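Below is start12.tsv, holding TSV, C-alpha atoms.
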```tsv
chain	number	residue	atom	x	y	z
A	1	MET	CA	107.74	104.56	62.34
A	2	GLU	CA	104.27	105.95	63.06
A	3	GLN	CA	101.47	104.07	61.33
A	4	LEU	CA	98.24	105.22	59.76
A	5	HIS	CA	95.48	102.68	60.34
A	6	VAL	CA	93.06	102.58	57.40
A	7	PHE	CA	89.68	100.88	57.75
A	8	TRP	CA	88.00	99.56	54.60
A	9	HIS	CA	85.03	97.37	53.71
A	10	ASP	CA	84.40	95.95	50.23
A	11	ASP	CA	80.67	96.64	50.53
A	12	ALA	CA	81.46	100.29	49.77
A	13	LEU	CA	81.46	99.20	46.13
A	14	LEU	CA	77.86	97.87	46.25
A	15	HIS	CA	76.35	101.37	46.21
A	16	ASP	CA	75.48	101.84	42.51
A	17	THR	CA	74.55	105.44	41.72
A	18	GLY	CA	74.23	105.02	37.96
A	19	SER	CA	74.94	107.63	35.29
A	20	GLY	CA	73.39	110.58	33.54
A	21	VAL	CA	74.10	114.30	33.27
A	22	PHE	CA	76.13	114.75	36.43
A	23	GLU	CA	73.43	114.33	39.13
A	24	GLN	CA	70.55	114.30	36.67
A	25	PRO	CA	69.05	111.49	34.54
A	26	PRO	CA	70.60	110.72	31.12
A	27	SER	CA	69.83	113.14	28.27
A	28	PRO	CA	68.85	112.00	24.77
A	29	LEU	CA	70.90	114.94	23.46
A	30	LEU	CA	74.19	113.28	24.45
A	31	ALA	CA	75.99	110.27	23.02
A	32	GLU	CA	77.42	109.08	26.36
A	33	PRO	CA	76.17	109.62	29.93
A	34	GLU	CA	78.67	110.23	32.71
A	35	LEU	CA	78.90	108.50	36.05
A	36	HIS	CA	77.05	110.06	38.96
A	37	PRO	CA	79.72	112.08	40.80
A	38	GLU	CA	79.50	109.87	43.91
A	39	ASN	CA	80.66	106.63	42.32
A	40	ALA	CA	82.82	103.64	43.23
A	41	VAL	CA	85.65	104.67	40.89
A	42	ARG	CA	86.64	107.62	43.06
A	43	LEU	CA	87.01	105.37	46.11
A	44	LEU	CA	88.94	102.71	44.18
A	45	ASN	CA	91.42	105.40	43.10
A	46	MET	CA	91.83	106.53	46.69
A	47	LYS	CA	92.41	102.98	47.86
A	48	ALA	CA	94.90	102.39	45.05
A	49	ILE	CA	97.00	105.49	45.75
A	50	LEU	CA	97.26	104.51	49.43
A	51	GLU	CA	98.33	101.00	48.45
A	52	ARG	CA	100.77	102.04	45.72
A	53	GLY	CA	101.99	105.51	46.70
A	54	PRO	CA	104.80	106.62	49.01
A	55	LEU	CA	102.54	106.41	52.08
A	56	ALA	CA	102.05	102.66	51.64
A	57	GLU	CA	104.89	101.79	54.02
A	58	HIS	CA	103.20	103.84	56.75
A	59	ILE	CA	99.78	102.19	56.38
A	60	ARG	CA	98.21	99.21	58.09
A	61	TRP	CA	94.90	98.02	56.65
A	62	HIS	CA	91.96	96.84	58.74
A	63	GLU	CA	88.67	95.18	57.80
A	64	GLY	CA	85.67	97.36	58.56
A	65	ARG	CA	82.25	96.14	59.64
A	66	HIS	CA	78.53	96.85	59.35
A	67	ALA	CA	76.72	99.04	61.83
A	68	ASP	CA	73.62	97.60	63.44
A	69	THR	CA	70.31	99.36	63.91
A	70	GLU	CA	71.06	100.23	67.54
A	71	GLU	CA	74.22	102.05	66.48
A	72	LEU	CA	72.44	103.93	63.71
A	73	ALA	CA	69.79	104.96	66.23
A	74	LEU	CA	72.40	106.87	68.23
A	75	VAL	CA	71.68	109.83	65.94
A	76	HIS	CA	68.96	108.67	63.49
A	77	ASP	CA	65.24	108.14	63.97
A	78	ARG	CA	64.28	104.47	63.85
A	79	GLY	CA	61.49	105.11	61.39
A	80	TYR	CA	63.91	106.82	59.06
A	81	ILE	CA	66.40	103.94	59.31
A	82	GLU	CA	63.68	101.44	58.38
A	83	SER	CA	62.52	103.62	55.48
A	84	ILE	CA	66.00	103.55	53.94
A	85	ARG	CA	66.25	99.78	54.37
A	86	GLN	CA	62.87	99.23	52.77
A	87	PHE	CA	63.56	101.70	49.93
A	88	CYS	CA	66.72	99.79	49.00
A	89	ALA	CA	64.99	96.40	49.37
A	90	GLU	CA	62.36	97.53	46.88
A	91	GLY	CA	65.01	98.31	44.28
A	92	GLY	CA	65.98	101.87	45.16
A	93	GLY	CA	65.56	105.01	43.10
A	94	LEU	CA	65.96	108.69	43.97
A	95	VAL	CA	65.60	109.20	47.71
A	96	THR	CA	66.30	112.92	47.18
A	97	TRP	CA	66.71	114.74	43.86
A	98	SER	CA	70.48	114.11	43.77
A	99	THR	CA	70.76	110.91	45.83
A	100	PRO	CA	70.12	107.67	43.93
A	101	LEU	CA	70.00	104.35	45.76
A	102	SER	CA	70.24	100.77	44.54
A	103	THR	CA	69.58	97.42	46.20
A	104	GLY	CA	73.21	97.31	47.36
A	105	SER	CA	73.12	100.78	48.89
A	106	TRP	CA	71.79	99.47	52.22
A	107	GLN	CA	74.79	97.19	52.74
A	108	ALA	CA	77.16	99.96	51.67
A	109	ALA	CA	75.57	102.46	54.07
A	110	LEU	CA	75.81	99.98	56.95
A	111	ALA	CA	79.46	99.37	56.08
A	112	ALA	CA	80.23	103.10	55.90
A	113	ALA	CA	78.71	103.77	59.31
A	114	GLY	CA	80.13	100.67	60.99
A	115	THR	CA	83.60	101.06	59.52
A	116	THR	CA	83.79	104.67	60.74
A	117	VAL	CA	82.74	103.63	64.23
A	118	ALA	CA	85.26	100.76	64.12
A	119	ALA	CA	88.06	103.21	63.28
A	120	CYS	CA	86.96	105.39	66.20
A	121	ASP	CA	86.83	102.38	68.54
A	122	PHE	CA	90.34	101.37	67.53
A	123	VAL	CA	91.72	104.76	68.53
A	124	LEU	CA	89.70	104.95	71.75
A	125	ALA	CA	90.95	101.49	72.75
A	126	GLY	CA	94.55	102.64	72.38
A	127	GLY	CA	95.26	100.72	69.19
A	128	ALA	CA	96.65	103.83	67.51
A	129	GLN	CA	96.54	107.61	67.57
A	130	ILE	CA	95.44	108.01	63.94
A	131	ALA	CA	92.81	106.11	61.98
A	132	PHE	CA	91.09	106.77	58.67
A	133	ALA	CA	87.80	105.27	57.46
A	134	LEU	CA	87.81	105.02	53.65
A	135	VAL	CA	84.05	104.77	53.15
A	136	ARG	CA	81.10	105.58	50.94
A	137	PRO	CA	78.37	106.71	50.75
A	138	PRO	CA	79.48	109.89	52.51
A	139	GLY	CA	77.58	111.08	55.55
A	140	HIS	CA	77.83	114.72	56.59
A	141	HIS	CA	74.57	115.86	54.94
A	142	ALA	CA	72.50	113.10	56.60
A	143	GLN	CA	70.23	114.53	59.31
A	144	PRO	CA	68.47	112.52	62.01
A	145	ALA	CA	65.48	111.81	59.75
A	146	GLU	CA	66.53	113.06	56.31
A	147	ALA	CA	68.82	111.87	53.53
A	148	ASP	CA	70.56	114.62	51.59
A	149	GLY	CA	73.41	115.28	49.18
A	150	TYR	CA	74.42	111.64	48.48
A	151	CYS	CA	74.32	110.86	52.23
A	152	LEU	CA	72.15	108.33	54.10
A	153	PHE	CA	73.65	107.95	57.58
A	154	ASN	CA	75.95	110.47	59.23
A	155	ASN	CA	79.15	108.48	59.70
A	156	VAL	CA	81.09	111.14	61.63
A	157	ALA	CA	78.13	112.09	63.82
A	158	LEU	CA	77.67	108.42	64.71
A	159	ALA	CA	81.36	108.17	65.63
A	160	ALA	CA	81.07	111.31	67.76
A	161	GLU	CA	78.03	110.01	69.65
A	162	HIS	CA	79.67	106.60	70.05
A	163	ALA	CA	82.75	108.29	71.52
A	164	ARG	CA	80.57	110.24	73.95
A	165	GLY	CA	78.94	106.98	75.05
A	166	SER	CA	82.41	105.50	75.54
A	167	GLY	CA	83.37	108.11	78.11
A	168	ILE	CA	84.78	110.95	75.98
A	169	GLN	CA	83.47	114.20	77.43
A	170	ARG	CA	84.17	116.60	74.56
A	171	VAL	CA	84.45	115.82	70.84
A	172	ALA	CA	85.40	118.30	68.11
A	173	VAL	CA	84.39	117.69	64.49
A	174	LEU	CA	86.30	119.47	61.72
A	175	ASP	CA	84.60	119.25	58.33
A	176	TRP	CA	86.46	120.64	55.31
A	177	ASP	CA	84.31	119.04	52.66
A	178	VAL	CA	83.44	121.81	50.18
A	179	HIS	CA	79.76	121.73	51.17
A	180	HIS	CA	78.15	122.71	54.45
A	181	GLY	CA	78.00	119.83	56.93
A	182	ASN	CA	74.34	120.52	57.59
A	183	GLY	CA	73.56	117.02	58.82
A	184	THR	CA	76.25	117.06	61.50
A	185	GLN	CA	75.13	120.55	62.47
A	186	GLU	CA	71.55	119.32	62.86
A	187	CYS	CA	72.59	116.34	64.99
A	188	PHE	CA	74.35	118.47	67.62
A	189	TYR	CA	72.81	121.94	67.22
A	190	GLU	CA	71.55	122.08	70.82
A	191	ARG	CA	74.55	120.30	72.37
A	192	ASN	CA	77.67	121.72	74.02
A	193	ASP	CA	79.62	118.45	74.27
A	194	VAL	CA	80.29	118.22	70.52
A	195	LEU	CA	81.86	121.21	68.78
A	196	THR	CA	80.95	121.17	65.08
A	197	VAL	CA	83.04	123.16	62.61
A	198	SER	CA	82.30	123.30	58.89
A	199	PHE	CA	84.50	125.02	56.28
A	200	HIS	CA	82.49	125.31	53.08
A	201	MET	CA	81.85	127.15	49.86
A	202	ARG	CA	79.01	129.65	50.11
A	203	HIS	CA	75.96	127.90	48.64
A	204	GLY	CA	73.04	128.47	51.02
A	205	SER	CA	70.06	126.17	51.40
A	206	TRP	CA	69.42	123.88	48.42
A	207	GLY	CA	65.86	122.79	49.11
A	208	PRO	CA	63.59	121.00	51.60
A	209	ALA	CA	66.21	118.32	52.36
A	210	HIS	CA	68.83	120.98	53.13
A	211	PRO	CA	67.08	123.94	54.81
A	212	GLN	CA	70.19	125.05	56.70
A	213	THR	CA	72.08	127.94	55.09
A	214	GLY	CA	75.59	127.31	56.45
A	215	SER	CA	75.95	130.98	57.33
A	216	PRO	CA	78.10	132.10	60.28
A	217	ASP	CA	75.05	133.15	62.29
A	218	GLU	CA	73.90	129.51	62.61
A	219	VAL	CA	75.80	129.22	65.89
A	220	GLY	CA	73.70	126.63	67.69
A	221	ALA	CA	70.74	126.92	70.04
A	222	GLY	CA	69.99	126.42	73.72
A	223	GLU	CA	72.90	124.73	75.47
A	224	GLY	CA	74.60	124.44	72.08
A	225	GLU	CA	74.66	128.16	71.37
A	226	GLY	CA	78.17	129.05	70.25
A	227	PHE	CA	79.19	125.41	69.65
A	228	ASN	CA	78.34	125.30	65.93
A	229	VAL	CA	80.91	127.10	63.77
A	230	ASN	CA	80.23	127.77	60.10
A	231	VAL	CA	83.14	129.14	58.10
A	232	GLU	CA	81.47	130.17	54.86
A	233	LEU	CA	84.08	130.92	52.19
A	234	PRO	CA	83.76	132.52	48.74
A	235	PRO	CA	84.41	130.55	45.54
A	236	GLY	CA	88.10	130.42	44.68
A	237	THR	CA	89.31	130.83	48.29
A	238	GLY	CA	92.37	128.60	47.78
A	239	ASP	CA	95.04	127.22	50.10
A	240	GLY	CA	95.89	130.43	51.93
A	241	GLY	CA	92.30	131.31	52.75
A	242	TYR	CA	91.54	127.85	54.11
A	243	LEU	CA	94.68	127.83	56.27
A	244	ARG	CA	93.97	131.33	57.58
A	245	ALA	CA	90.43	130.28	58.48
A	246	LEU	CA	91.75	127.31	60.42
A	247	GLU	CA	94.63	129.07	62.13
A	248	GLU	CA	93.02	132.46	62.88
A	249	VAL	CA	89.42	131.52	63.66
A	250	VAL	CA	88.89	127.79	64.14
A	251	ALA	CA	92.03	126.82	66.08
A	252	PRO	CA	91.40	129.42	68.83
A	253	VAL	CA	87.84	128.09	69.27
A	254	VAL	CA	89.06	124.49	69.41
A	255	ASP	CA	91.78	125.51	71.87
A	256	ARG	CA	89.20	127.04	74.20
A	257	PHE	CA	86.83	124.07	73.82
A	258	GLY	CA	89.60	121.58	74.65
A	259	PRO	CA	88.37	118.37	72.96
A	260	GLU	CA	89.43	114.90	74.06
A	261	LEU	CA	88.95	113.47	70.56
A	262	LEU	CA	89.18	115.09	67.13
A	263	LEU	CA	87.09	113.79	64.23
A	264	VAL	CA	87.66	115.03	60.68
A	265	ALA	CA	85.03	114.85	57.95
A	266	CYS	CA	87.70	114.48	55.31
A	267	GLY	CA	86.46	115.52	51.88
A	268	GLN	CA	88.61	116.65	48.95
A	269	ASP	CA	85.94	118.40	46.88
A	270	ALA	CA	87.45	121.79	47.68
A	271	ASN	CA	90.24	120.84	45.26
A	272	GLN	CA	91.22	122.74	42.11
A	273	PHE	CA	89.58	120.29	39.70
A	274	ASP	CA	86.46	119.16	41.49
A	275	PRO	CA	83.22	119.30	39.48
A	276	ASN	CA	81.22	119.83	42.67
A	277	GLY	CA	83.20	122.70	44.18
A	278	ARG	CA	85.13	125.81	43.16
A	279	GLN	CA	87.56	126.38	46.01
A	280	CYS	CA	90.92	125.85	44.25
A	281	VAL	CA	92.68	124.02	47.11
A	282	THR	CA	95.80	122.13	45.99
A	283	MET	CA	97.60	119.05	47.27
A	284	ASP	CA	99.82	121.35	49.31
A	285	GLY	CA	96.77	123.00	50.86
A	286	PHE	CA	95.34	119.64	51.89
A	287	ARG	CA	98.69	118.56	53.31
A	288	ARG	CA	98.77	121.70	55.45
A	289	LEU	CA	95.17	121.15	56.60
A	290	GLY	CA	96.23	117.66	57.67
A	291	GLU	CA	99.21	119.10	59.56
A	292	ALA	CA	96.99	121.68	61.30
A	293	ALA	CA	94.45	119.04	62.35
A	294	ARG	CA	97.22	116.87	63.78
A	295	ALA	CA	98.60	119.84	65.71
A	296	LEU	CA	95.18	120.38	67.33
A	297	ALA	CA	94.96	116.69	68.20
A	298	ASP	CA	98.44	116.77	69.72
A	299	ARG	CA	97.57	119.80	71.85
A	300	HIS	CA	94.29	118.51	73.23
A	301	CYS	CA	93.60	114.85	72.42
A	302	GLU	CA	96.90	113.08	73.10
A	303	GLY	CA	97.25	112.91	69.33
A	304	ARG	CA	93.97	111.03	68.85
A	305	VAL	CA	92.36	111.88	65.51
A	306	VAL	CA	89.92	109.86	63.40
A	307	LEU	CA	89.25	110.85	59.80
A	308	ALA	CA	86.36	109.66	57.63
A	309	GLN	CA	86.06	110.04	53.88
A	310	GLU	CA	83.43	112.48	52.65
A	311	GLY	CA	83.26	114.13	49.22
A	312	GLY	CA	85.86	114.42	46.49
A	313	TYR	CA	84.51	113.96	42.98
A	314	ALA	CA	87.45	114.65	40.68
A	315	ARG	CA	88.12	110.95	40.38
A	316	THR	CA	91.90	111.23	39.95
A	317	TYR	CA	92.94	114.46	41.65
A	318	SER	CA	90.86	113.73	44.77
A	319	ALA	CA	92.99	110.63	45.33
A	320	PHE	CA	96.18	112.69	45.17
A	321	CYS	CA	94.67	115.26	47.58
A	322	LEU	CA	93.70	112.50	50.02
A	323	HIS	CA	97.27	111.17	49.93
A	324	ALA	CA	98.55	114.67	50.69
A	325	THR	CA	96.08	115.12	53.56
A	326	LEU	CA	97.11	111.91	55.27
A	327	ALA	CA	100.80	112.69	54.75
A	328	GLY	CA	100.15	115.97	56.58
A	329	VAL	CA	98.41	114.20	59.45
A	330	LEU	CA	101.33	111.78	59.73
A	331	GLY	CA	103.89	114.56	59.42
A	332	VAL	CA	105.87	112.81	56.70
A	333	ASP	CA	107.14	113.99	53.33
A	334	PRO	CA	105.71	111.44	50.89
A	335	ALA	CA	107.66	112.85	47.88
A	336	LEU	CA	104.53	112.80	45.71
A	337	GLU	CA	104.38	115.69	43.26
A	338	ASP	CA	101.20	117.52	42.38
A	339	PRO	CA	100.34	116.38	38.84
A	340	CYS	CA	98.12	119.26	37.80
A	341	ALA	CA	97.52	122.20	40.17
A	342	TYR	CA	98.22	125.53	38.54
A	343	LEU	CA	95.77	128.21	39.72
A	344	PRO	CA	97.21	131.19	41.65
A	345	ASP	CA	96.50	131.53	45.35
A	346	ASP	CA	95.40	134.72	47.15
A	347	PRO	CA	95.48	134.27	50.94
A	348	ALA	CA	93.50	137.50	51.44
A	349	HIS	CA	90.60	136.37	49.24
A	350	ALA	CA	88.36	135.46	52.18
A	351	ASP	CA	89.07	138.47	54.44
A	352	ARG	CA	85.47	139.70	54.50
A	353	GLU	CA	84.04	136.24	55.22
A	354	LEU	CA	86.52	135.53	58.03
A	355	GLU	CA	85.53	138.79	59.70
A	356	LEU	CA	81.86	137.72	59.54
A	357	VAL	CA	82.74	134.44	61.25
A	358	ARG	CA	84.70	136.25	63.95
A	359	SER	CA	81.77	138.61	64.56
A	360	ALA	CA	79.30	135.73	64.85
A	361	LEU	CA	81.48	133.89	67.39
A	362	ALA	CA	83.01	136.77	69.35
A	363	ALA	CA	80.43	136.65	72.13
A	364	TYR	CA	81.09	132.96	72.77
A	365	TRP	CA	84.85	132.52	72.35
A	366	GLN	CA	86.38	136.02	72.88
A	367	LEU	CA	87.75	136.16	69.33
```
Translate this file's structure into structure tokens.
Amino acid sequence: MEQLHVFWHDDALLHDTGSGVFEQPPSPLLAEPELHPENAVRLLNMKAILERGPLAEHIRWHEGRHADTEELALVHDRGYIESIRQFCAEGGGLVTWSTPLSTGSWQAALAAAGTTVAACDFVLAGGAQIAFALVRPPGHHAQPAEADGYCLFNNVALAAEHARGSGIQRVAVLDWDVHHGNGTQECFYERNDVLTVSFHMRHGSWGPAHPQTGSPDEVGAGEGEGFNVNVELPPGTGDGGYLRALEEVVAPVVDRFGPELLLVACGQDANQFDPNGRQCVTMDGFRRLGEAARALADRHCEGRVVLAQEGGYARTYSAFCLHATLAGVLGVDPALEDPCAYLPDDPAHADRELELVRSALAAYWQL
């Protein structure tokens, strides 16, 4: 029986993001504040469903670890790393308008980065073909010298750079978090050894900490021109649109690139009930994304795929969607029913956007 190796560190729970009006401070107009969307509860639900659900018999758990400064410096400026450490040591606060930190956030961020690299190391050493890092805070918005969108250090980018330093020539990163993976894009924008692919809801730049737009014409620069793929999708795209984007546009690019390792920035905030996204993807859609990622890994990477948790802020449904994703990667039927998806799906909803992506990439990949 094939096993899924899940890496976890308890320090993920030390990152206290507080409560208020979604991402904003509490309002005196309301009786009860709500948890910040990036909270420990969502990760505890994900851990619980993997321990208690039908996939449990396929899972082996591993203790994660902290990253050290030298590892963080693979993609982050040393001055920036020290500024985050000092900010947390002084009690924290808002490091960007939507990203609160506490004293424990430093330990959590080290654990997220180190645990993701540990999962990657395990696969590279031949311990398994599939590993998943169940971590927080997420990472894909973190740029070399800028925190953004709940993210401090770019866990997947660090794993990609670590893999390159371990002898892997070509790494592909698939990011289906609902938001643009601007940090990962920034880390490798002028590189041709790491193919970065982001599927995301159209939202554009959201301020000085996120100047990238996520549009298809951000294709990379210099040696990296053509190696950054942005699949910008309209709100409400749904299962069919996401699968068409992967199968018709992204898979041909990945096939031509021929990676030796596949990394997945595995967010669930494109789901039907997420407060931070409007993409209407169901459990079945996530299962099929998992299947498609595994097929790419089987074709090019000897089945080697490492997934790292990103967003997913519907605290219950995100856990179910994660379970479905990992079942798809494993290729098993976990017999877990969708408890609440109901919105209709229109596979043609993103036709115009997919054509824009094809046009932006045609000169590089003969699409």
Which centre and edge lengths in Å to one decimal define the box along x, y and z that fits every listed atom of stretch 6-15 of chain A plus 4 Å per side, as AutoDock Vina command-line options?
```
--center_x 84.7 --center_y 99.3 --center_z 51.9 --size_x 24.7 --size_y 14.6 --size_z 19.6
```
Any idea what's packed within 9 Å of A:Val95, counting all atoms listed in the file, ignoring anything in its chain fewer than 6 positions away? Could you give it as number ranges by chain? A: 84, 87, 101, 147-148
When you count only C-alpha atoms, which of these residues is closest to A:Ala172: A:Trp206, A:Ala118, A:Val264, A:Ile81? A:Val264
Which of these residues is nearest to A:Asp11, using all atoms listed in the file: A:Pro37, A:Gly114, A:Pro25, A:Gly207? A:Gly114
Given all atoms listed in the file as the counted atoms, nearest of A:Cys280, A:Val75, A:Val194, A:Val123 to A:Glu146: A:Val75
Could you pull out every residue with an atom within 6 Å of (85.8, 115.6, 56.6), file coordinates, counting all atoms listed in the file, and send them as a PDB file with C-alpha atoms, in the frame of the given file?
```
ATOM      1  CA  ASP A 175      84.600 119.250  58.330  1.00  0.00           C
ATOM      2  CA  TRP A 176      86.460 120.640  55.310  1.00  0.00           C
ATOM      3  CA  ASP A 177      84.310 119.040  52.660  1.00  0.00           C
ATOM      4  CA  VAL A 264      87.660 115.030  60.680  1.00  0.00           C
ATOM      5  CA  ALA A 265      85.030 114.850  57.950  1.00  0.00           C
ATOM      6  CA  CYS A 266      87.700 114.480  55.310  1.00  0.00           C
ATOM      7  CA  GLY A 267      86.460 115.520  51.880  1.00  0.00           C
ATOM      8  CA  GLU A 310      83.430 112.480  52.650  1.00  0.00           C
TER       9      GLU A 310
END
```
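Coordinates place atom CA of A:Asp10 at a distance of 25.2 Å from atom CA of A:Gly183.
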Neighbouring residues of A:His323 were defined as those with any atom within 10 Å, considering all atoms listed in the file; residues of the same chain fewer than 4 positions away were excluded. Please report them as a list in words. Met46, Lys47, Ile49, Leu50, Gly53, Pro54, Leu55, Ala56, Met283, Phe286, Arg287, Tyr317, Ser318, Ala319, Ala327, Gly328, Pro334 and Leu336 of chain A
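Shortest separation to A:Gln86 among A:Phe22, A:Thr99, A:Phe188, A:Trp106 occurs at residue A:Trp106, atoms counted being only C-alpha atoms.
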Residues near A:Trp8, anyone? I mean within 7 Å using all atoms listed in the file, not counting same-chain ones fewer than 2 positions away, as a ChimeraX atom specification. /A:6,10,62-64,115,133-135
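For the set A:Ala270, A:Val173, A:Val281, A:Ala67, the residue with the smallest atom-to-atom gap to A:Asp345 is A:Val281, counting only C-alpha atoms.
Atom CA of A:Ala12 is positioned 6.9 Å from atom CA of A:Ala112.
In this model, the gap between atom CA of A:Val329 and atom CA of A:Leu361 comes to 27.2 Å.
Remark: for A:Arg244, the closest of the candidate residues A:Asp16, A:Asp333, A:Glu90, A:Glu353 is A:Glu353 (distances computed over only C-alpha atoms).
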Determine, counting all atoms listed in the file, which protein, DNA and RNA residues have an atom within 7 Å of an atom of A:Asp269; residues of the same chain fewer than 5 positions away are not included. Present the result as a ChimeraX atom specification. /A:177-178,274,276-277,311-313
Using only C-alpha atoms, collect all residues at a distance of at most 8 Å from (94.2, 106.5, 69.0) as written in the file, then present them as a short mmCIF file (atom, residue, chain, number, x, y, z; two decimals) with C-alpha atoms, in the frame of the given file.
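Okay, this is what ended up in out.cif:
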```
data_model
loop_
_atom_site.label_atom_id
_atom_site.label_comp_id
_atom_site.auth_asym_id
_atom_site.auth_seq_id
_atom_site.Cartn_x
_atom_site.Cartn_y
_atom_site.Cartn_z
CA CYS A 120 86.96 105.39 66.20
CA PHE A 122 90.34 101.37 67.53
CA VAL A 123 91.72 104.76 68.53
CA LEU A 124 89.70 104.95 71.75
CA ALA A 125 90.95 101.49 72.75
CA GLY A 126 94.55 102.64 72.38
CA GLY A 127 95.26 100.72 69.19
CA ALA A 128 96.65 103.83 67.51
CA GLN A 129 96.54 107.61 67.57
CA ILE A 130 95.44 108.01 63.94
CA ALA A 131 92.81 106.11 61.98
CA GLY A 303 97.25 112.91 69.33
CA ARG A 304 93.97 111.03 68.85
CA VAL A 305 92.36 111.88 65.51
CA VAL A 306 89.92 109.86 63.40
#
```
Non-local contacts of A:His203 (10 Å; only C-alpha atoms; under 3 positions in same chain excluded) as number ranges by chain: A: 178-180, 200, 206, 213-215, 232-235, 277
Extract stretch 110-115 of chain A from the preceding block and save all heavy atoms as a compact mmCIF listing (two decimals), in the first residue's frame.
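Final file, out_21.txt:
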```
# COMPACT_ATOMS: atom_id res chain seq x y z
N LEU A 110 9.91 29.50 11.52
CA LEU A 110 11.06 28.60 11.37
C LEU A 110 10.61 27.17 11.17
O LEU A 110 11.19 26.42 10.36
CB LEU A 110 11.97 28.69 12.60
CG LEU A 110 12.71 30.00 12.86
CD1 LEU A 110 13.57 29.86 14.11
CD2 LEU A 110 13.55 30.42 11.67
N ALA A 111 9.57 26.76 11.92
CA ALA A 111 9.06 25.40 11.79
C ALA A 111 8.42 25.16 10.43
O ALA A 111 8.57 24.09 9.84
CB ALA A 111 8.06 25.11 12.91
N ALA A 112 7.69 26.16 9.92
CA ALA A 112 7.06 26.01 8.60
C ALA A 112 8.11 25.83 7.52
O ALA A 112 8.01 24.93 6.67
CB ALA A 112 6.18 27.22 8.30
N ALA A 113 9.14 26.67 7.54
CA ALA A 113 10.18 26.58 6.52
C ALA A 113 10.97 25.28 6.66
O ALA A 113 11.18 24.55 5.68
CB ALA A 113 11.11 27.78 6.64
N GLY A 114 11.40 24.97 7.89
CA GLY A 114 12.21 23.77 8.08
C GLY A 114 11.47 22.49 7.83
O GLY A 114 12.03 21.51 7.28
N THR A 115 10.19 22.45 8.20
CA THR A 115 9.39 21.24 7.98
C THR A 115 9.15 21.00 6.50
O THR A 115 9.16 19.85 6.03
CB THR A 115 8.06 21.36 8.76
OG1 THR A 115 8.36 21.45 10.15
CG2 THR A 115 7.16 20.16 8.51
```
